[in-house]
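Enquirer: One file is attached below, start.txt, containing compact mmCIF, N, CA and C atoms.
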# COMPACT_ATOMS: atom_id res chain seq x y z
N MET A 1 -42.09 -65.28 35.83
CA MET A 1 -41.19 -65.35 34.69
C MET A 1 -41.13 -64.02 33.95
N ARG A 2 -42.30 -63.39 33.79
CA ARG A 2 -42.34 -62.11 33.09
C ARG A 2 -41.51 -61.06 33.84
N MET A 3 -41.59 -61.07 35.17
CA MET A 3 -40.82 -60.13 35.98
C MET A 3 -39.33 -60.35 35.80
N LEU A 4 -38.91 -61.60 35.70
CA LEU A 4 -37.50 -61.93 35.49
C LEU A 4 -37.03 -61.40 34.14
N THR A 5 -37.85 -61.53 33.10
CA THR A 5 -37.51 -61.03 31.77
C THR A 5 -37.37 -59.51 31.80
N ILE A 6 -38.31 -58.83 32.43
CA ILE A 6 -38.25 -57.36 32.54
C ILE A 6 -36.99 -56.94 33.29
N PHE A 7 -36.68 -57.63 34.37
CA PHE A 7 -35.47 -57.33 35.14
C PHE A 7 -34.22 -57.53 34.29
N ALA A 8 -34.17 -58.63 33.52
CA ALA A 8 -33.02 -58.91 32.67
C ALA A 8 -32.86 -57.82 31.60
N LEU A 9 -33.97 -57.40 30.99
CA LEU A 9 -33.90 -56.33 29.98
C LEU A 9 -33.46 -55.02 30.60
N LEU A 10 -33.99 -54.70 31.77
CA LEU A 10 -33.59 -53.47 32.46
C LEU A 10 -32.11 -53.50 32.81
N PHE A 11 -31.63 -54.63 33.30
CA PHE A 11 -30.21 -54.78 33.64
C PHE A 11 -29.34 -54.60 32.39
N ALA A 12 -29.73 -55.23 31.29
CA ALA A 12 -28.96 -55.11 30.04
C ALA A 12 -28.93 -53.67 29.57
N PHE A 13 -30.06 -52.97 29.66
CA PHE A 13 -30.13 -51.57 29.25
C PHE A 13 -29.20 -50.71 30.11
N LEU A 14 -29.28 -50.89 31.41
CA LEU A 14 -28.43 -50.10 32.31
C LEU A 14 -26.96 -50.44 32.13
N ALA A 15 -26.66 -51.71 31.95
CA ALA A 15 -25.26 -52.11 31.76
C ALA A 15 -24.71 -51.52 30.47
N THR A 16 -25.46 -51.54 29.40
CA THR A 16 -25.01 -50.98 28.14
C THR A 16 -24.82 -49.47 28.26
N GLY A 17 -25.76 -48.79 28.87
CA GLY A 17 -25.64 -47.34 29.04
C GLY A 17 -24.45 -46.97 29.90
N GLY A 18 -24.21 -47.75 30.94
CA GLY A 18 -23.07 -47.48 31.83
C GLY A 18 -21.75 -47.63 31.10
N SER A 19 -21.64 -48.68 30.27
CA SER A 19 -20.37 -48.87 29.57
C SER A 19 -20.18 -47.80 28.50
N ALA A 20 -21.26 -47.35 27.87
CA ALA A 20 -21.15 -46.28 26.89
C ALA A 20 -20.69 -45.00 27.57
N GLN A 21 -21.24 -44.74 28.77
CA GLN A 21 -20.80 -43.55 29.50
C GLN A 21 -19.34 -43.67 29.90
N ALA A 22 -18.93 -44.85 30.35
CA ALA A 22 -17.52 -45.05 30.73
C ALA A 22 -16.63 -44.83 29.51
N SER A 23 -17.05 -45.33 28.34
CA SER A 23 -16.29 -45.15 27.12
C SER A 23 -16.20 -43.68 26.75
N ARG A 24 -17.33 -42.94 26.87
CA ARG A 24 -17.31 -41.50 26.58
C ARG A 24 -16.37 -40.78 27.53
N ARG A 25 -16.40 -41.14 28.80
CA ARG A 25 -15.50 -40.50 29.77
C ARG A 25 -14.05 -40.75 29.39
N ALA A 26 -13.72 -41.98 28.95
CA ALA A 26 -12.35 -42.28 28.55
C ALA A 26 -11.93 -41.41 27.37
N VAL A 27 -12.80 -41.25 26.37
CA VAL A 27 -12.49 -40.40 25.22
C VAL A 27 -12.37 -38.96 25.66
N ASP A 28 -13.24 -38.52 26.55
CA ASP A 28 -13.19 -37.13 27.02
C ASP A 28 -11.92 -36.83 27.80
N SER A 29 -11.28 -37.84 28.39
CA SER A 29 -10.07 -37.59 29.17
C SER A 29 -8.81 -37.62 28.31
N LEU A 30 -8.92 -37.94 27.03
CA LEU A 30 -7.76 -37.94 26.14
C LEU A 30 -7.36 -36.52 25.81
N ILE A 31 -6.15 -36.39 25.29
CA ILE A 31 -5.64 -35.08 24.88
C ILE A 31 -6.65 -34.42 23.94
N LYS A 32 -6.93 -33.17 24.15
CA LYS A 32 -7.90 -32.42 23.33
C LYS A 32 -7.20 -31.65 22.21
N ASP A 33 -6.07 -31.06 22.55
CA ASP A 33 -5.34 -30.28 21.57
C ASP A 33 -3.93 -30.06 22.09
N TYR A 34 -3.09 -29.52 21.24
CA TYR A 34 -1.75 -29.10 21.62
C TYR A 34 -1.67 -27.61 21.30
N ARG A 35 -1.66 -26.81 22.34
CA ARG A 35 -1.58 -25.35 22.19
C ARG A 35 -2.64 -24.81 21.22
N GLY A 36 -3.84 -25.38 21.31
CA GLY A 36 -4.95 -24.94 20.48
C GLY A 36 -4.99 -25.57 19.10
N ILE A 37 -4.14 -26.57 18.85
CA ILE A 37 -4.05 -27.21 17.54
C ILE A 37 -4.45 -28.67 17.68
N PHE A 38 -5.21 -29.18 16.70
CA PHE A 38 -5.55 -30.60 16.68
C PHE A 38 -5.75 -31.04 15.24
N ILE A 39 -6.07 -32.29 15.06
CA ILE A 39 -6.32 -32.83 13.73
C ILE A 39 -7.36 -31.96 13.03
N GLY A 40 -7.06 -31.56 11.79
CA GLY A 40 -7.99 -30.75 11.02
C GLY A 40 -7.74 -29.26 11.07
N THR A 41 -6.86 -28.79 11.97
CA THR A 41 -6.55 -27.35 12.04
C THR A 41 -5.85 -26.93 10.74
N GLN A 42 -6.20 -25.77 10.23
CA GLN A 42 -5.58 -25.24 9.01
C GLN A 42 -4.13 -24.84 9.27
N LYS A 43 -3.27 -25.01 8.27
CA LYS A 43 -1.84 -24.68 8.36
C LYS A 43 -1.64 -23.23 8.78
N ASP A 44 -2.41 -22.31 8.23
CA ASP A 44 -2.28 -20.89 8.59
C ASP A 44 -2.58 -20.68 10.08
N ALA A 45 -3.58 -21.38 10.60
CA ALA A 45 -3.93 -21.26 12.02
C ALA A 45 -2.82 -21.83 12.90
N VAL A 46 -2.17 -22.91 12.45
CA VAL A 46 -1.05 -23.48 13.20
C VAL A 46 0.05 -22.44 13.34
N ARG A 47 0.40 -21.82 12.23
CA ARG A 47 1.48 -20.83 12.26
C ARG A 47 1.08 -19.58 13.03
N GLN A 48 -0.19 -19.25 13.02
CA GLN A 48 -0.66 -18.12 13.81
C GLN A 48 -0.49 -18.42 15.30
N LYS A 49 -0.75 -19.66 15.70
CA LYS A 49 -0.65 -20.03 17.12
C LYS A 49 0.78 -20.28 17.57
N LEU A 50 1.61 -20.88 16.69
CA LEU A 50 2.97 -21.27 17.09
C LEU A 50 4.07 -20.37 16.55
N GLY A 51 3.75 -19.47 15.64
CA GLY A 51 4.76 -18.59 15.05
C GLY A 51 5.38 -19.23 13.82
N ASP A 52 6.51 -18.68 13.41
CA ASP A 52 7.19 -19.21 12.23
C ASP A 52 7.89 -20.52 12.58
N PRO A 53 7.80 -21.50 11.69
CA PRO A 53 8.47 -22.77 11.97
C PRO A 53 9.99 -22.63 11.87
N LYS A 54 10.68 -23.45 12.64
CA LYS A 54 12.15 -23.48 12.57
C LYS A 54 12.57 -24.08 11.23
N ASN A 55 11.88 -25.12 10.81
CA ASN A 55 12.10 -25.74 9.51
C ASN A 55 10.75 -25.90 8.84
N GLU A 56 10.71 -25.56 7.55
CA GLU A 56 9.45 -25.56 6.81
C GLU A 56 9.60 -26.42 5.57
N PHE A 57 8.64 -27.32 5.38
CA PHE A 57 8.61 -28.20 4.22
C PHE A 57 7.21 -28.15 3.64
N PRO A 58 7.00 -28.60 2.40
CA PRO A 58 5.66 -28.52 1.81
C PRO A 58 4.58 -29.22 2.64
N GLU A 59 4.91 -30.36 3.26
CA GLU A 59 3.88 -31.12 3.98
C GLU A 59 4.13 -31.23 5.48
N GLU A 60 5.07 -30.45 6.00
CA GLU A 60 5.31 -30.47 7.45
C GLU A 60 6.04 -29.22 7.90
N ASP A 61 5.86 -28.90 9.17
CA ASP A 61 6.56 -27.79 9.82
C ASP A 61 7.17 -28.29 11.11
N ASP A 62 8.36 -27.80 11.44
CA ASP A 62 9.00 -28.09 12.72
C ASP A 62 9.06 -26.80 13.53
N PHE A 63 8.58 -26.87 14.77
CA PHE A 63 8.59 -25.71 15.65
C PHE A 63 9.41 -26.02 16.89
N GLU A 64 10.26 -25.09 17.29
CA GLU A 64 10.99 -25.21 18.55
C GLU A 64 10.29 -24.29 19.54
N ILE A 65 9.57 -24.91 20.48
CA ILE A 65 8.80 -24.15 21.45
C ILE A 65 9.71 -23.64 22.56
N SER A 66 10.64 -24.48 22.99
CA SER A 66 11.63 -24.11 24.01
C SER A 66 12.83 -25.04 23.84
N ASP A 67 13.82 -24.89 24.72
CA ASP A 67 14.98 -25.78 24.66
C ASP A 67 14.59 -27.25 24.88
N ASN A 68 13.46 -27.48 25.56
CA ASN A 68 13.05 -28.84 25.92
C ASN A 68 11.78 -29.31 25.22
N GLU A 69 11.22 -28.50 24.34
CA GLU A 69 9.93 -28.85 23.71
C GLU A 69 9.94 -28.49 22.22
N ASN A 70 9.67 -29.51 21.41
CA ASN A 70 9.59 -29.33 19.96
C ASN A 70 8.34 -30.02 19.45
N VAL A 71 7.81 -29.54 18.33
CA VAL A 71 6.65 -30.19 17.72
C VAL A 71 6.83 -30.21 16.21
N ARG A 72 6.52 -31.34 15.63
CA ARG A 72 6.49 -31.49 14.18
C ARG A 72 5.04 -31.70 13.78
N ILE A 73 4.56 -30.87 12.87
CA ILE A 73 3.18 -30.93 12.40
C ILE A 73 3.20 -31.42 10.94
N PHE A 74 2.39 -32.43 10.66
CA PHE A 74 2.26 -32.96 9.30
C PHE A 74 0.90 -32.55 8.74
N TYR A 75 0.90 -32.21 7.44
CA TYR A 75 -0.32 -31.70 6.82
C TYR A 75 -0.84 -32.62 5.72
N ASN A 76 -2.16 -32.61 5.56
CA ASN A 76 -2.82 -33.25 4.43
C ASN A 76 -2.63 -32.38 3.19
N PRO A 77 -2.95 -32.90 1.99
CA PRO A 77 -2.87 -32.06 0.79
C PRO A 77 -3.73 -30.79 0.87
N ASP A 78 -4.82 -30.83 1.66
CA ASP A 78 -5.68 -29.64 1.79
C ASP A 78 -5.17 -28.67 2.86
N LYS A 79 -3.93 -28.89 3.33
CA LYS A 79 -3.25 -28.01 4.29
C LYS A 79 -3.92 -27.99 5.67
N THR A 80 -4.47 -29.15 6.07
CA THR A 80 -4.98 -29.32 7.43
C THR A 80 -4.10 -30.31 8.15
N VAL A 81 -4.04 -30.20 9.47
CA VAL A 81 -3.18 -31.08 10.27
C VAL A 81 -3.68 -32.52 10.18
N LYS A 82 -2.75 -33.43 9.84
CA LYS A 82 -3.08 -34.86 9.85
C LYS A 82 -2.36 -35.59 10.98
N ALA A 83 -1.27 -35.00 11.49
CA ALA A 83 -0.53 -35.64 12.59
C ALA A 83 0.34 -34.60 13.29
N MET A 84 0.62 -34.89 14.57
CA MET A 84 1.52 -34.05 15.37
C MET A 84 2.41 -34.97 16.19
N VAL A 85 3.67 -34.61 16.29
CA VAL A 85 4.59 -35.32 17.17
C VAL A 85 5.23 -34.27 18.07
N VAL A 86 4.92 -34.35 19.36
CA VAL A 86 5.45 -33.40 20.33
C VAL A 86 6.52 -34.12 21.13
N THR A 87 7.71 -33.52 21.21
CA THR A 87 8.82 -34.14 21.92
C THR A 87 9.30 -33.23 23.04
N TYR A 88 9.35 -33.78 24.24
CA TYR A 88 9.93 -33.10 25.40
C TYR A 88 11.21 -33.86 25.70
N SER A 89 12.34 -33.14 25.84
CA SER A 89 13.61 -33.82 26.10
C SER A 89 14.43 -33.08 27.14
N GLY A 90 15.32 -33.84 27.79
CA GLY A 90 16.13 -33.25 28.86
C GLY A 90 15.28 -33.05 30.10
N ASN A 91 14.94 -31.82 30.40
CA ASN A 91 14.05 -31.52 31.51
C ASN A 91 12.61 -31.74 31.04
N ILE A 92 12.03 -32.88 31.42
CA ILE A 92 10.70 -33.23 30.93
C ILE A 92 9.60 -32.87 31.93
N SER A 93 9.92 -32.00 32.89
CA SER A 93 8.92 -31.63 33.90
C SER A 93 7.72 -30.91 33.28
N GLY A 94 7.89 -30.29 32.12
CA GLY A 94 6.79 -29.60 31.46
C GLY A 94 5.92 -30.51 30.60
N ALA A 95 6.30 -31.77 30.49
CA ALA A 95 5.51 -32.71 29.67
C ALA A 95 4.21 -33.08 30.39
N PRO A 96 3.12 -33.25 29.64
CA PRO A 96 1.88 -33.69 30.28
C PRO A 96 2.01 -35.12 30.80
N SER A 97 1.16 -35.47 31.72
CA SER A 97 1.16 -36.82 32.29
C SER A 97 0.50 -37.78 31.30
N PRO A 98 0.80 -39.08 31.45
CA PRO A 98 0.11 -40.06 30.59
C PRO A 98 -1.41 -39.93 30.69
N LYS A 99 -1.93 -39.68 31.88
CA LYS A 99 -3.38 -39.57 32.06
C LYS A 99 -3.95 -38.42 31.23
N ASP A 100 -3.21 -37.31 31.12
CA ASP A 100 -3.67 -36.18 30.33
C ASP A 100 -3.65 -36.45 28.83
N VAL A 101 -2.86 -37.44 28.42
CA VAL A 101 -2.71 -37.73 27.00
C VAL A 101 -3.56 -38.93 26.58
N VAL A 102 -3.38 -40.06 27.27
CA VAL A 102 -4.07 -41.30 26.88
C VAL A 102 -5.21 -41.67 27.82
N GLY A 103 -5.49 -40.82 28.79
CA GLY A 103 -6.66 -41.01 29.64
C GLY A 103 -6.48 -41.89 30.85
N GLU A 104 -5.27 -42.38 31.08
CA GLU A 104 -5.02 -43.23 32.24
C GLU A 104 -3.54 -43.26 32.56
N ALA A 105 -3.22 -43.64 33.79
CA ALA A 105 -1.83 -43.80 34.18
C ALA A 105 -1.24 -45.00 33.44
N ILE A 106 0.05 -44.97 33.21
CA ILE A 106 0.75 -46.08 32.55
C ILE A 106 1.75 -46.65 33.55
N GLU A 107 1.72 -47.96 33.69
CA GLU A 107 2.67 -48.64 34.58
C GLU A 107 4.06 -48.58 33.95
N PRO A 108 5.04 -47.98 34.65
CA PRO A 108 6.39 -47.91 34.07
C PRO A 108 7.03 -49.30 33.96
N ARG A 109 7.83 -49.49 32.93
CA ARG A 109 8.63 -50.71 32.79
C ARG A 109 9.76 -50.64 33.82
N PRO A 110 10.47 -51.72 34.03
CA PRO A 110 11.56 -51.70 35.02
C PRO A 110 12.61 -50.61 34.77
N ASP A 111 12.83 -50.25 33.50
CA ASP A 111 13.82 -49.21 33.21
C ASP A 111 13.25 -47.80 33.34
N GLY A 112 11.94 -47.69 33.69
CA GLY A 112 11.30 -46.38 33.86
C GLY A 112 10.58 -45.90 32.62
N GLY A 113 10.75 -46.59 31.51
CA GLY A 113 10.09 -46.21 30.28
C GLY A 113 8.61 -46.54 30.31
N MET A 114 7.84 -45.91 29.42
CA MET A 114 6.40 -46.13 29.34
C MET A 114 5.96 -46.09 27.88
N TYR A 115 4.86 -46.82 27.60
CA TYR A 115 4.26 -46.75 26.26
C TYR A 115 2.78 -47.11 26.36
N LYS A 116 1.96 -46.33 25.66
CA LYS A 116 0.53 -46.64 25.55
C LYS A 116 0.02 -45.95 24.29
N MET A 117 -0.79 -46.70 23.52
CA MET A 117 -1.44 -46.14 22.34
C MET A 117 -2.93 -46.39 22.46
N VAL A 118 -3.72 -45.39 22.09
CA VAL A 118 -5.18 -45.50 22.15
C VAL A 118 -5.74 -45.08 20.79
N ARG A 119 -6.53 -45.97 20.20
CA ARG A 119 -7.26 -45.65 18.96
C ARG A 119 -8.65 -45.14 19.34
N VAL A 120 -9.03 -44.03 18.75
CA VAL A 120 -10.34 -43.45 19.02
C VAL A 120 -11.09 -43.40 17.69
N GLU A 121 -11.63 -44.56 17.33
CA GLU A 121 -12.29 -44.71 16.02
C GLU A 121 -13.39 -43.67 15.82
N GLU A 122 -14.22 -43.46 16.87
CA GLU A 122 -15.36 -42.55 16.71
C GLU A 122 -14.95 -41.10 16.50
N LYS A 123 -13.74 -40.74 16.90
CA LYS A 123 -13.25 -39.38 16.68
C LYS A 123 -12.26 -39.31 15.51
N GLY A 124 -11.84 -40.48 14.99
CA GLY A 124 -10.99 -40.51 13.80
C GLY A 124 -9.51 -40.25 14.04
N PHE A 125 -8.98 -40.60 15.22
CA PHE A 125 -7.56 -40.42 15.46
C PHE A 125 -7.04 -41.46 16.43
N TRP A 126 -5.70 -41.56 16.50
CA TRP A 126 -5.06 -42.34 17.56
C TRP A 126 -4.05 -41.44 18.24
N VAL A 127 -3.73 -41.80 19.48
CA VAL A 127 -2.77 -41.02 20.26
C VAL A 127 -1.85 -42.00 20.99
N SER A 128 -0.58 -41.62 21.11
CA SER A 128 0.35 -42.47 21.86
C SER A 128 1.20 -41.61 22.79
N TYR A 129 1.64 -42.25 23.86
CA TYR A 129 2.51 -41.62 24.85
C TYR A 129 3.72 -42.54 25.02
N VAL A 130 4.89 -42.02 24.81
CA VAL A 130 6.13 -42.78 24.97
C VAL A 130 7.04 -42.00 25.91
N LYS A 131 7.54 -42.67 26.93
CA LYS A 131 8.55 -42.06 27.80
C LYS A 131 9.79 -42.92 27.72
N ILE A 132 10.90 -42.27 27.37
CA ILE A 132 12.19 -42.92 27.33
C ILE A 132 12.94 -42.44 28.56
N ALA A 133 13.27 -43.35 29.45
CA ALA A 133 13.93 -42.99 30.70
C ALA A 133 15.45 -42.97 30.49
N GLY A 134 16.17 -42.63 31.54
CA GLY A 134 17.62 -42.65 31.49
C GLY A 134 18.22 -41.30 31.80
N ASP A 135 19.50 -41.15 31.43
CA ASP A 135 20.22 -39.91 31.72
C ASP A 135 19.68 -38.71 30.94
N SER A 136 19.14 -38.97 29.76
CA SER A 136 18.56 -37.91 28.94
C SER A 136 17.13 -38.32 28.57
N PRO A 137 16.19 -38.17 29.52
CA PRO A 137 14.84 -38.66 29.29
C PRO A 137 14.10 -37.86 28.23
N SER A 138 13.12 -38.52 27.62
CA SER A 138 12.26 -37.88 26.61
C SER A 138 10.84 -38.38 26.78
N VAL A 139 9.90 -37.53 26.42
CA VAL A 139 8.50 -37.91 26.30
C VAL A 139 8.09 -37.53 24.89
N ILE A 140 7.50 -38.49 24.19
CA ILE A 140 7.07 -38.26 22.81
C ILE A 140 5.58 -38.55 22.73
N ILE A 141 4.82 -37.56 22.33
CA ILE A 141 3.37 -37.68 22.19
C ILE A 141 3.04 -37.57 20.71
N THR A 142 2.34 -38.56 20.21
CA THR A 142 1.96 -38.56 18.80
C THR A 142 0.44 -38.62 18.69
N VAL A 143 -0.11 -37.77 17.84
CA VAL A 143 -1.55 -37.79 17.53
C VAL A 143 -1.64 -37.84 16.02
N GLN A 144 -2.40 -38.81 15.50
CA GLN A 144 -2.51 -38.93 14.05
C GLN A 144 -3.92 -39.32 13.67
N SER A 145 -4.38 -38.75 12.55
CA SER A 145 -5.70 -39.10 12.07
C SER A 145 -5.68 -40.52 11.53
N LEU A 146 -6.81 -41.19 11.69
CA LEU A 146 -6.97 -42.54 11.14
C LEU A 146 -7.38 -42.41 9.68
N PRO A 147 -6.97 -43.37 8.85
CA PRO A 147 -7.42 -43.32 7.45
C PRO A 147 -8.95 -43.45 7.39
N LYS A 148 -9.52 -42.71 6.48
CA LYS A 148 -10.98 -42.76 6.33
C LYS A 148 -11.34 -44.05 5.61
N ALA A 149 -12.44 -44.67 6.08
CA ALA A 149 -12.91 -45.90 5.44
C ALA A 149 -13.36 -45.61 4.03
N SER A 150 -13.01 -46.49 3.12
CA SER A 150 -13.41 -46.25 1.72
C SER A 150 -14.56 -47.11 1.31
Please go through the file and, once you have read it, give me the structure as structure tokens.
Expert:
Amino acid sequence: MRMLTIFALLFAFLATGGSAQASRRAVDSLIKDYRGIFIGTQKDAVRQKLGDPKNEFPEEDDFEISDNENVRIFYNPDKTVKAMVVTYSGNISGAPSPKDVVGEAIEPRPDGGMYKMVRVEEKGFWVSYVKIAGDSPSVIITVQSLPKAS
């Protein structure tokens, strides 16, 4: 009986460790940054990396990276990034794959569209991948900080 208990405890320990590792791998495979920018990056650093915004507002900047790629950056009151929305339109061949963004492939809907959102509580953000299919396809990637627990 004692051997069975030890075996059960060992199995539970290994099973828990394995799932924690699988969870860490899933988080590690999520989008890390966009052109060196992520949640918490200072506004000045964003502009240093992306140049002057096409449109500038007190709490957000719009950047046109190319004819097919745009990004809108939203800032906290302390001028750090709180959210990013990256849009690829028309020729979406330069868009990252769902696996590069949300950590796994997404099964397309019958119309070719895709959607997946992943909350990463331990890192304090969520990320989503949206693909709109059709004659003028788009991929929209959103990364946003989660509200801090009060």
Enquirer: Pick out the residues sitting within 5 Å of Tyr129 (chain A), and hand them over as a PyMOL selection string; count only N, CA and C atoms, and ignore anything fewer than 3 positions along from it in its own chain.
Expert: chain A and resi 115-116+140-141
Enquirer: Got a sec: who's within 7 Å of region 134-138 of chain A, counting all atoms listed in the file, leaving out chain neighbours fewer than 3 positions off, as a list in words?
Expert: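 Once the adjacent positions are removed, what remains is Thr87, Tyr88, Ser89, Gly90, Asn91, Ile92, Asp111, Gly112, Gly113, Val130 and Lys131 of chain A.
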Enquirer: Write the residues of the selection above to a file with N, CA and C atoms, as a PDB file, in the coordinates of the input.
Expert:
ATOM      1  N   THR A  87       7.710 -33.520  21.210  1.00  0.00           N
ATOM      2  CA  THR A  87       8.820 -34.140  21.920  1.00  0.00           C
ATOM      3  C   THR A  87       9.300 -33.230  23.040  1.00  0.00           C
ATOM      4  N   TYR A  88       9.350 -33.780  24.240  1.00  0.00           N
ATOM      5  CA  TYR A  88       9.930 -33.100  25.400  1.00  0.00           C
ATOM      6  C   TYR A  88      11.210 -33.860  25.700  1.00  0.00           C
ATOM      7  N   SER A  89      12.340 -33.140  25.840  1.00  0.00           N
ATOM      8  CA  SER A  89      13.610 -33.820  26.100  1.00  0.00           C
ATOM      9  C   SER A  89      14.430 -33.080  27.140  1.00  0.00           C
ATOM     10  N   GLY A  90      15.320 -33.840  27.790  1.00  0.00           N
ATOM     11  CA  GLY A  90      16.130 -33.250  28.860  1.00  0.00           C
ATOM     12  C   GLY A  90      15.280 -33.050  30.100  1.00  0.00           C
ATOM     13  N   ASN A  91      14.940 -31.820  30.400  1.00  0.00           N
ATOM     14  CA  ASN A  91      14.050 -31.520  31.510  1.00  0.00           C
ATOM     15  C   ASN A  91      12.610 -31.740  31.040  1.00  0.00           C
ATOM     16  N   ILE A  92      12.030 -32.880  31.420  1.00  0.00           N
ATOM     17  CA  ILE A  92      10.700 -33.230  30.930  1.00  0.00           C
ATOM     18  C   ILE A  92       9.600 -32.870  31.930  1.00  0.00           C
ATOM     19  N   ASP A 111      12.830 -50.250  33.500  1.00  0.00           N
ATOM     20  CA  ASP A 111      13.820 -49.210  33.210  1.00  0.00           C
ATOM     21  C   ASP A 111      13.250 -47.800  33.340  1.00  0.00           C
ATOM     22  N   GLY A 112      11.940 -47.690  33.690  1.00  0.00           N
ATOM     23  CA  GLY A 112      11.300 -46.380  33.860  1.00  0.00           C
ATOM     24  C   GLY A 112      10.580 -45.900  32.620  1.00  0.00           C
ATOM     25  N   GLY A 113      10.750 -46.590  31.510  1.00  0.00           N
ATOM     26  CA  GLY A 113      10.090 -46.210  30.280  1.00  0.00           C
ATOM     27  C   GLY A 113       8.610 -46.540  30.310  1.00  0.00           C
ATOM     28  N   VAL A 130       4.890 -42.020  24.810  1.00  0.00           N
ATOM     29  CA  VAL A 130       6.130 -42.780  24.970  1.00  0.00           C
ATOM     30  C   VAL A 130       7.040 -42.000  25.910  1.00  0.00           C
ATOM     31  N   LYS A 131       7.540 -42.670  26.930  1.00  0.00           N
ATOM     32  CA  LYS A 131       8.550 -42.060  27.800  1.00  0.00           C
ATOM     33  C   LYS A 131       9.790 -42.920  27.720  1.00  0.00           C
TER      34      LYS A 131
END
Enquirer: Can you measure CA of Lys82 (chain A) to CA of Glu60 (chain A) for me? One decimal in Å is fine.
Expert: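 CA of Glu60 (chain A) lies 9.8 Å from CA of Lys82 (chain A).
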Enquirer: To one decimal place, how far is atom N of Lys123 (chain A) from atom C of Gln144 (chain A) in Å?
Expert: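 Atom-to-atom, atom N of Lys123 (chain A) and atom C of Gln144 (chain A) are spaced 10.4 Å apart.
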Enquirer: Could you list, as a list in words, every residue within 7 Å of Gly40 (chain A), counting only N, CA and C atoms and ignoring same-chain residues fewer than 4 positions away?
Expert: Lys79, Thr80, Val81, Lys82 and Ala83 of chain A
Enquirer: State, in Å with one decimal place, the distance from CA of Glu107 (chain A) to atom C of Trp126 (chain A).
Expert: 19.1 Å
Enquirer: Write out as a ChimeraX atom specification the set of residues from region 36-66 of chain A that DSSP, computed on the backbone, places in strand (DSSP E).
Expert: /A:55-57,60-66
Enquirer: Nearest to Val139 (chain A): which of A:Gly103, A:Gly124, A:Gly36, A:Pro96 is it, counting all atoms listed in the file?
Expert: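 Closest residue, counting all atoms listed in the file: A:Pro96.
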Enquirer: I need the residue nearest Asp33 (chain A) from this list: A:Asp100, A:Glu69, A:Glu64, A:Glu122. Use only C-alpha atoms for the distance.
Expert: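 Looking only at the distances to Asp33 (chain A), the closest residue turns out to be A:Asp100.
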Enquirer: For Val102 (chain A), which residue among A:Val127, A:Asn55, A:Val85, A:Gln42 is the nearest when counting all atoms listed in the file?
Expert: A:Val127
Enquirer: For a quick check of understanding, using only C-alpha atoms, which of A:Arg109, A:Arg119, A:Lys43, A:Lys148 has the smallest distance to Phe74 (chain A)?
Expert: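 For Phe74 (chain A), the nearest of the candidates is A:Lys43.
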Enquirer: If you count all atoms listed in the file, which residues fall within 8 Å of Phe63 (chain A), apart from same-chain ones fewer than 6 positions away, as a list of chain:residue names?
Expert: A:Leu50, A:Gly51, A:Asp52, A:Pro53, A:Lys54, A:Asn55, A:Glu56, A:Glu69, A:Asn70, A:Val71, A:Arg72, A:Ile73
Enquirer: Got a sec to tell me which of region 3-140 of chain A DSSP assigns to helix (DSSP H, G or I), as a PyMOL selection string?
Expert: chain A and resi 3-28+43-50+98-102+121-123
